[in-house]
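Colleague: One structure follows; several queries about it will come next.
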Amino acid sequence: MSAAACLLLYSFIAVVLAPRLLLRLAHTGVTPRLGVLAWVAALGSVVASWAAAAGFLLGEVVAGWNRPGRSLIDACFAQLRAVATGRYGFAVQLGVIALAAMTAVTLAVLVARLGRSLLRARVGTHDHARMARIAGRRVEGLEAIVLDAPQRAAYCVPGRPNAIVITSAALAALDRRQLEAVLSHERAHLAGRHHLLLAVTRGLGAALPRLELFTAGATEVARLLEMCADDAAARRHGAPTVLRAMLALSSAAPIPHGALGATGVDVLARAERLAAPPRRVRRLRARLLLCGFAVLVALGPVVTGGLAAAGLSFCDPMNG
């Protein structure tokens, strides 16, 4: 049981420490792509640890089913076995079996909730894209669907095909360069498939609302993805143009759930970031720290499980 115990211990440490570290390292968006990578690595690392721990538990239960003296008790309760009689072994083993079953059921529920969330997001965005194409109108030379509305809004929704939607009020508020910057922002979302990352992180946050790693992860990934799209637009049209376009749409109406828009998340912080970009030394430092963090959490479950399975981990009481 040492591998499962070590993986669960690793996941507990990651759940507690990772959000605090990432909020300090990535929140300002100095390098938003690496910030997204670090958050996704942390989320994936914890989920992978849970899945691997469940696999180790179930594997050991099956392997020791007919060997009550050489089962999980030897690994997990070595000290207790020295003073306990044999009649307590079966009860303890039943408890371990129940723990393994509960772990497997928990993972199954998590996967089911995540699957339902992803399906709802996919159906909702595809339906919205279809309805926008029906209700909106095309303007010659404009790569977007125009909806007649008094609110200023611009966003993209994945579908078949994808759709970039802009309201008539937003169209009137933007000059040509600003409009192109907004469209570049939305194209960056679609080209980067940001809606998939957003759907997964929001699904995990909804399935595990009591764990800050997943709830904060959903919020921060959405915020950093907007910064990634800001950077893509700024590289093509310049940061001042993107900033003016963002301010022109700053009183925009809320965008639909599942869509990604230029004014959908934390406009003030993104505007400040465009107005005062970080210095090169700060960017380099952030890159090094975020890359190191991402590699550490990505390898964490592999190293922990490998050492424990090889009998080299401190989690194995038989090594003491």
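Labels for the structure tokens follow display order: chains A, B, ..., residues from 1 in each chain, ligands from 1.
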Fewer than 6 positions away in the same chain doesn't count, so skip those; otherwise give me all residues within 10 Å of His27 of chain A, counting only C-alpha atoms, as a ChimeraX atom specification.
Modeller: /A:21,35,220-221,223-224,269
Colleague: Quick one: residues within 9 Å of Trp39 of chain A, only C-alpha atoms counted, chain neighbours fewer than 4 positions away excluded, as a ChimeraX atom specification?
Modeller: /A:18-19,22,26,34-35,43-44,213,217-218,220-221,294
Colleague: Quick one: distance from atom CA of Leu7 of chain A to atom CA of Val297 of chain A in Å, one decimal?
Modeller: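 The value is 12.1 Å.
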Colleague: Please extract the residues of segment 154-226 of chain A with a backbone DSSP assignment of alpha helix (DSSP H) and present them as a PyMOL selection string.
Modeller: chain A and resi 168-173+176-191+194-207+212-226
Colleague: At a cut-off of 12 Å, using only C-alpha atoms, what residues contact Gly141 of chain A? Leave out same-chain residues fewer than 3 positions from it and give the result as a list in words.
Modeller: Arg138, Ala144, Ile145, Arg176, Leu179 and Glu180 of chain A
Colleague: For the interface of segment 100-191 of chain A with segment 229-253 of chain A (cut-off 10 Å, counting only C-alpha atoms), please tabulate each contacting residue of segment 100-191 of chain A alongside its nearest pair of atoms and their separation in Å to one decimal, rows sorted by chain and increasing number, as a tab-separated table.
Modeller:
residue	atom	partner	partner_atom	distance
A:Pro150	CA	A:Ala253	CA	9.4
A:Gln151	CA	A:Ala253	CA	5.7
A:Arg152	CA	A:Ala252	CA	4.6
A:Ala153	CA	A:Ala252	CA	5.1
A:Ala154	CA	A:Leu249	CA	8.3
A:Thr167	CA	A:Ala252	CA	9.9
A:Ala169	CA	A:Leu249	CA	9.4
A:Ala170	CA	A:Leu249	CA	6.7
A:Leu171	CA	A:Leu249	CA	9.8
A:Ala173	CA	A:Ala248	CA	6.4
A:Leu174	CA	A:Ala245	CA	6.6
A:Asp175	CA	A:Ala245	CA	8.4
A:Arg177	CA	A:Thr241	CA	7.0
A:Gln178	CA	A:Ala245	CA	4.9
A:Leu179	CA	A:Ala245	CA	7.2
A:Glu180	CA	A:His237	CA	7.9
A:Ala181	CA	A:Ala233	CA	5.5
A:Val182	CA	A:Ala245	CA	6.8
A:Leu183	CA	A:Ala233	CA	8.2
A:Ser184	CA	A:Ala233	CA	5.1
A:His185	CA	A:Ala229	CA	4.9
A:Glu186	CA	A:Ala229	CA	7.2
A:Arg187	CA	A:Ala229	CA	8.2
A:Ala188	CA	A:Ala229	CA	5.3
A:His189	CA	A:Ala229	CA	6.1
A:Leu190	CA	A:Ala229	CA	9.6
A:Ala191	CA	A:Ala229	CA	9.9
Colleague: Store the residues picked out above, limited to C-alpha atoms, as a compact mmCIF listing (two decimals), in the first residue's frame.
Modeller:
# COMPACT_ATOMS: atom_id res chain seq x y z
CA PRO A 150 -27.66 48.22 -27.54
CA GLN A 151 -24.96 46.58 -25.38
CA ARG A 152 -21.31 46.64 -26.47
CA ALA A 153 -20.03 43.06 -26.60
CA ALA A 154 -17.68 40.91 -28.64
CA THR A 167 -23.02 43.57 -31.36
CA ALA A 169 -23.26 48.86 -30.47
CA ALA A 170 -19.71 47.50 -30.20
CA LEU A 171 -19.24 47.87 -33.93
CA ALA A 173 -17.88 52.14 -30.73
CA LEU A 174 -14.72 50.77 -32.37
CA ASP A 175 -12.65 52.27 -35.15
CA ARG A 177 -7.90 49.27 -36.09
CA GLN A 178 -9.60 48.61 -32.77
CA LEU A 179 -12.09 46.30 -34.46
CA GLU A 180 -9.28 44.30 -36.04
CA ALA A 181 -7.58 44.03 -32.64
CA VAL A 182 -10.78 42.67 -31.08
CA LEU A 183 -11.19 40.16 -33.90
CA SER A 184 -7.55 39.07 -33.49
CA HIS A 185 -8.24 38.54 -29.79
CA GLU A 186 -11.18 36.27 -30.58
CA ARG A 187 -9.28 34.40 -33.32
CA ALA A 188 -6.52 33.68 -30.80
CA HIS A 189 -9.08 32.06 -28.49
CA LEU A 190 -10.41 29.84 -31.26
CA ALA A 191 -7.00 28.97 -32.71
Colleague: In Å, with one decimal, what is the gap from atom CA of Ile255 of chain A to atom CA of Arg273 of chain A?
Modeller: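 Separation between atom CA of Ile255 of chain A and atom CA of Arg273 of chain A: 22.1 Å.
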Colleague: Would you pick out the contacts of Leu8 of chain A at 7 Å or less, using only C-alpha atoms, so that residues sharing its chain but fewer than 4 positions from it are not included, and give the list as a PDB file with C-alpha atoms, in the first residue's frame?
Modeller:
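Saved file part.pdb follows:
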ATOM      1  CA  ALA A   4      -1.064   4.446  -2.868  1.00  0.00           C
ATOM      2  CA  PHE A  12      -2.744  16.330  -0.312  1.00  0.00           C
ATOM      3  CA  SER A  49      -2.276  10.886  -8.360  1.00  0.00           C
ATOM      4  CA  TRP A  50      -5.793   9.985  -7.266  1.00  0.00           C
ATOM      5  CA  ALA A  53      -3.573   5.561  -5.973  1.00  0.00           C
TER       6      ALA A  53
END
Colleague: I'd like to know which of A:Leu110, A:Leu260, A:Thr31, A:Ala172 is closest to Ala51 of chain A, using only C-alpha atoms.
Modeller: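 With only C-alpha atoms as the atom set, the closest residue is A:Leu110.
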Colleague: So how far away is atom CA of Val47 of chain A from atom CA of Gly300 of chain A, in Å?
Modeller: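 Result for atom CA of Gly300 of chain A versus atom CA of Val47 of chain A: 11.8 Å, one decimal.
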Colleague: Given the choices A:Gly306, A:Ala271, A:Leu211, A:Arg33, which gets closest to Gly192 of chain A if the distance is worked out from only C-alpha atoms?
Modeller: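 Going through A:Gly306, A:Ala271, A:Leu211, A:Arg33 one by one, the smallest distance to Gly192 of chain A is for A:Arg33.
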Colleague: Which one of A:Val200, A:Met102, A:Ala132, A:Leu57 sits closest to Ala5 of chain A if you count only C-alpha atoms?
Modeller: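 Of the candidates, the smallest distance to Ala5 of chain A is held by A:Leu57.
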Colleague: Tell me which protein, DNA and RNA residues are within 9 Å of Ala135 of chain A, counting only C-alpha atoms, leaving out same-chain ones fewer than 3 positions away, and put them as a PyMOL selection string.
Modeller: chain A and resi 130-132+146-148
Colleague: Only C-alpha atoms, please: the residues just picked out, written as a PDB file, in the first residue's frame.
Modeller:
ATOM      1  CA  ARG A 130     -26.059  28.219 -34.350  1.00  0.00           C
ATOM      2  CA  MET A 131     -28.594  30.707 -32.981  1.00  0.00           C
ATOM      3  CA  ALA A 132     -26.170  33.601 -33.498  1.00  0.00           C
ATOM      4  CA  VAL A 146     -23.322  41.120 -36.107  1.00  0.00           C
ATOM      5  CA  LEU A 147     -26.182  41.048 -33.592  1.00  0.00           C
ATOM      6  CA  ASP A 148     -28.322  44.154 -33.322  1.00  0.00           C
TER       7      ASP A 148
END
